[in-house]
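Everything below concerns the one structure shown next.
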Amino acid sequence: MSQHIDHHELRSTLGRFTTGVTIVTTPVGDSVHAMTLNAFLSVSLDPPLIAVCINKNAKMHGLIAASGVYGVSVLPHEAAHVSQHFAGRPVDGFEPRFTWVGSVPLLEGAIAHLGTTVIDAHEVGDHTIYTGEIRYFNHTDDKPLIFFGGRYRSLGMENVPA
Ligand SMILES: Cc1cc2nc3c(=O)[nH]c(=O)nc-3n(C[C@H](O)[C@H](O)[C@H](O)COP(=O)(O)O)c2cc1C
C-alpha cells in the first residue's frame with residue numbers, strides 16, 4: 001500500500017487528532033527560548049518519561065541539544081495568542097513570564113508544568129524526538145486550550161458514556 005502524498009490532505013488527516021497546546025522552553029544562558037508544540041507525548045510512568053517531537057529547522061532543535069533540559073507548559077483555554085506568539089507570530093504587548101525550577105524555565109499561567117532532563121534524542125525524518133525524564137511537575141484544574149482541524153477550540157467538559 002503506497003498512496004500519493006498530497007501534503008494538504010495529509011495535514012488535514014493528521015489534524016483530525018485532537019491535542020492540547022504546549023509551550024516548550026529551554027535555557028539559553030540566563031535567558032529562555034520558547035516554542036509552541038502539540039507533538040507532545042506521555043511515554044512512561046516508571047521511570048517518568050515524556051517526549052516532544054521537534055522540527056530540525058526550528059531554533060529549539062539545537063538549543064535543547066545544547067542545554068540537555070526542557071520544560072513543557074500546557075496552555076489554558078484563553079491562551080491562543082500565547083500559542084501564536086511562540087509559533088513565530090509575535091503578539092504586540094505580550095510579555096511572557098517564566099519561573100525557573102533549577103535550570104529549567106517554565107511559562108507562568110500554564111495549567112500543567114513538566115521539567116525534564118533529556119535522556120534520548122531520536123532522529124526521525126525531518127524531526128527529532130527528545131525524550132525527557134521528568135524532574136518536576138505540577139498542575140491546576142483549569143480548562144485547556146484545544147487544537148483540532150488546524151484551529152484553536154475550547155473544551156466542552158461534558159462526559160460521554162462508555
Ligand atoms: C498549534 C501549533 C503546534 C505546533 N506544534 C509543533 C510541533 O509539535 N513540533 C514542531 O517542531 N513545531 C511545531 N509548531 C511550529 C513551531 O511552533 C514554529 O515553527 C516555531 O516558530 C519554531 O520556533 P523556533 O524556530 O523559534 O524554535 C507548532 C505550531 C503551532 C501553531
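Letters A, B, ... go to the chains of the C-alpha cells in the order shown; residues in each chain start at 1; ligands are counted from 1 in the same order.
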
Check your understanding: Within 8 Å of ligand 1, counting only C-alpha atoms and all ligand atoms: which residues, as a PyMOL selection string?
Key -> chain A and resi 21-22+33-40+52-61+83-84+86-89+127+147+150-152

Exercise for review: Write out as a ChimeraX atom specification the residues lying within 9 Å of A:Thr117, counting only C-alpha atoms and excluding same-chain residues fewer than 6 positions away.
Suggested key: /A:68-71,104,131-135

Using the selection just defined, write its residues with all heavy atoms as a compact mmCIF listing (two decimals), in the first residue's frame.
# COMPACT_ATOMS: atom_id res chain seq x y z
N GLY A 68 20.42 20.26 27.15
CA GLY A 68 20.16 18.96 27.77
C GLY A 68 18.96 18.95 28.70
O GLY A 68 18.72 17.95 29.39
N VAL A 69 18.17 20.02 28.68
CA VAL A 69 16.95 20.06 29.51
C VAL A 69 15.85 20.77 28.72
O VAL A 69 16.13 21.56 27.84
CB VAL A 69 17.15 20.81 30.85
CG1 VAL A 69 18.17 20.11 31.72
CG2 VAL A 69 17.53 22.27 30.62
N TYR A 70 14.58 20.45 29.07
CA TYR A 70 13.46 21.25 28.54
C TYR A 70 12.28 21.20 29.50
O TYR A 70 12.14 20.27 30.29
CB TYR A 70 13.07 20.83 27.11
CG TYR A 70 12.45 19.45 26.96
CD1 TYR A 70 11.10 19.23 27.20
CD2 TYR A 70 13.23 18.36 26.55
CE1 TYR A 70 10.53 17.98 27.03
CE2 TYR A 70 12.67 17.10 26.38
CZ TYR A 70 11.32 16.92 26.62
OH TYR A 70 10.76 15.68 26.46
N GLY A 71 11.45 22.23 29.38
CA GLY A 71 10.20 22.28 30.14
C GLY A 71 9.03 22.23 29.18
O GLY A 71 9.15 22.62 28.01
N VAL A 104 15.63 24.76 34.61
CA VAL A 104 14.57 24.63 33.61
C VAL A 104 13.55 25.77 33.73
O VAL A 104 12.89 25.91 34.77
CB VAL A 104 13.83 23.28 33.74
CG1 VAL A 104 12.79 23.13 32.64
CG2 VAL A 104 14.82 22.13 33.69
N THR A 131 13.30 12.62 24.26
CA THR A 131 12.68 12.02 25.44
C THR A 131 13.28 12.67 26.69
O THR A 131 14.50 12.81 26.80
CB THR A 131 12.93 10.50 25.48
OG1 THR A 131 12.44 9.94 24.26
CG2 THR A 131 12.23 9.84 26.65
N GLY A 132 12.40 13.08 27.60
CA GLY A 132 12.85 13.75 28.82
C GLY A 132 12.41 13.00 30.06
O GLY A 132 11.28 12.53 30.13
N GLU A 133 13.33 12.90 31.01
CA GLU A 133 12.95 12.31 32.32
C GLU A 133 12.42 13.43 33.19
O GLU A 133 13.07 14.46 33.40
CB GLU A 133 14.16 11.64 32.98
CG GLU A 133 13.80 11.10 34.35
CD GLU A 133 14.67 9.94 34.78
OE1 GLU A 133 15.64 9.61 34.08
OE2 GLU A 133 14.36 9.37 35.85
N ILE A 134 11.20 13.20 33.74
CA ILE A 134 10.51 14.25 34.50
C ILE A 134 11.18 14.43 35.86
O ILE A 134 11.32 13.48 36.63
CB ILE A 134 9.02 13.88 34.70
CG1 ILE A 134 8.33 13.76 33.35
CG2 ILE A 134 8.33 14.90 35.59
CD1 ILE A 134 6.96 13.06 33.41
N ARG A 135 11.59 15.68 36.14
CA ARG A 135 12.21 16.03 37.44
C ARG A 135 11.29 16.88 38.29
O ARG A 135 11.52 17.03 39.49
CB ARG A 135 13.50 16.82 37.22
CG ARG A 135 14.47 16.17 36.28
CD ARG A 135 15.15 15.00 36.94
NE ARG A 135 16.29 14.57 36.15
CZ ARG A 135 16.94 13.45 36.34
NH1 ARG A 135 16.56 12.64 37.32
NH2 ARG A 135 17.94 13.12 35.58

Point to revise | Pick from A:Pro76, A:Pro48, A:Gly93, A:Gly156, whichever lies nearest to A:Val118 using only C-alpha atoms | key: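 Smallest separation from A:Val118 among the options: A:Pro48.
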
Exercise for review: Run DSSP on the backbone and give me the residues of stretch 1-161 of chain A it puts in strand (DSSP E or B), as a PyMOL selection string.
Suggested key: chain A and resi 19-20+22-28+31-37+40-44+49-55+69-74+76+98-101+104-107+112-124+127-139+144-148+151-154

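Neighbours of A:Ser67 closer than or equal to 9 Å, with only C-alpha atoms counted and sequence neighbours fewer than 4 positions away skipped, come out as A:Thr26, A:Pro27, A:Val28, A:Gly29, A:Gly62, A:Leu63, A:Val118.
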
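Using only C-alpha atoms, the nearest neighbour of A:Ser73 within the list A:Leu145, A:Val43, A:Ile129, A:Ala121 is A:Leu145.
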
Practice item. Counting only C-alpha atoms, figure out which residue out of A:Met1, A:Gly149, A:Ala162, A:Asp120 gets nearest to A:Thr13. Key: A:Gly149

Point to revise | Neighbour list for A:Lys143 as a list in words, cut-off 10 Å, only C-alpha atoms, skip fewer than 3 positions in-chain | key: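 Contacts, in chain order: Leu75, Pro76, His77, Glu78, Ile111, Thr140, Ile146, Ser154, Leu155, Gly156 and Met157 of chain A.
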
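Candidate residues A:Thr128, A:Ser31, A:Thr116, A:Pro144 were compared for distance to A:Ile50, and the nearest is A:Thr116, using only C-alpha atoms.
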
Determine, counting only C-alpha atoms, which protein, DNA and RNA residues have an atom within 6 Å of an atom of stretch 136-139 of chain A; residues of the same chain fewer than 5 positions away are not included. Present the result as a PDB file with N, CA, C and O atoms, in the first residue's frame.
ATOM      1  N   ILE A 111      -1.593  25.394  32.754  1.00  0.00           N
ATOM      2  CA  ILE A 111      -2.428  24.517  33.592  1.00  0.00           C
ATOM      3  C   ILE A 111      -1.654  23.267  34.018  1.00  0.00           C
ATOM      4  O   ILE A 111      -2.127  22.507  34.859  1.00  0.00           O
ATOM      5  N   ALA A 112      -0.488  23.041  33.419  1.00  0.00           N
ATOM      6  CA  ALA A 112       0.390  21.948  33.863  1.00  0.00           C
ATOM      7  C   ALA A 112       1.814  22.294  33.465  1.00  0.00           C
ATOM      8  O   ALA A 112       2.044  22.940  32.437  1.00  0.00           O
ATOM      9  N   HIS A 113       2.730  21.896  34.324  1.00  0.00           N
ATOM     10  CA  HIS A 113       4.162  22.117  34.090  1.00  0.00           C
ATOM     11  C   HIS A 113       4.909  20.801  34.238  1.00  0.00           C
ATOM     12  O   HIS A 113       4.624  20.023  35.153  1.00  0.00           O
ATOM     13  N   LEU A 114       5.883  20.579  33.348  1.00  0.00           N
ATOM     14  CA  LEU A 114       6.789  19.435  33.478  1.00  0.00           C
ATOM     15  C   LEU A 114       8.202  19.942  33.206  1.00  0.00           C
ATOM     16  O   LEU A 114       8.433  20.611  32.191  1.00  0.00           O
ATOM     17  N   GLY A 115       9.117  19.635  34.091  1.00  0.00           N
ATOM     18  CA  GLY A 115      10.524  19.986  33.883  1.00  0.00           C
ATOM     19  C   GLY A 115      11.320  18.705  33.700  1.00  0.00           C
ATOM     20  O   GLY A 115      11.153  17.753  34.475  1.00  0.00           O
TER      21      GLY A 115
END

**Study point:** Proximity to A:Ala65 - best of A:Ala51, A:Ile119, A:Val91, A:Ala79, only C-alpha atoms
**Key:**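 The answer is A:Ile119, which sits nearest to A:Ala65.
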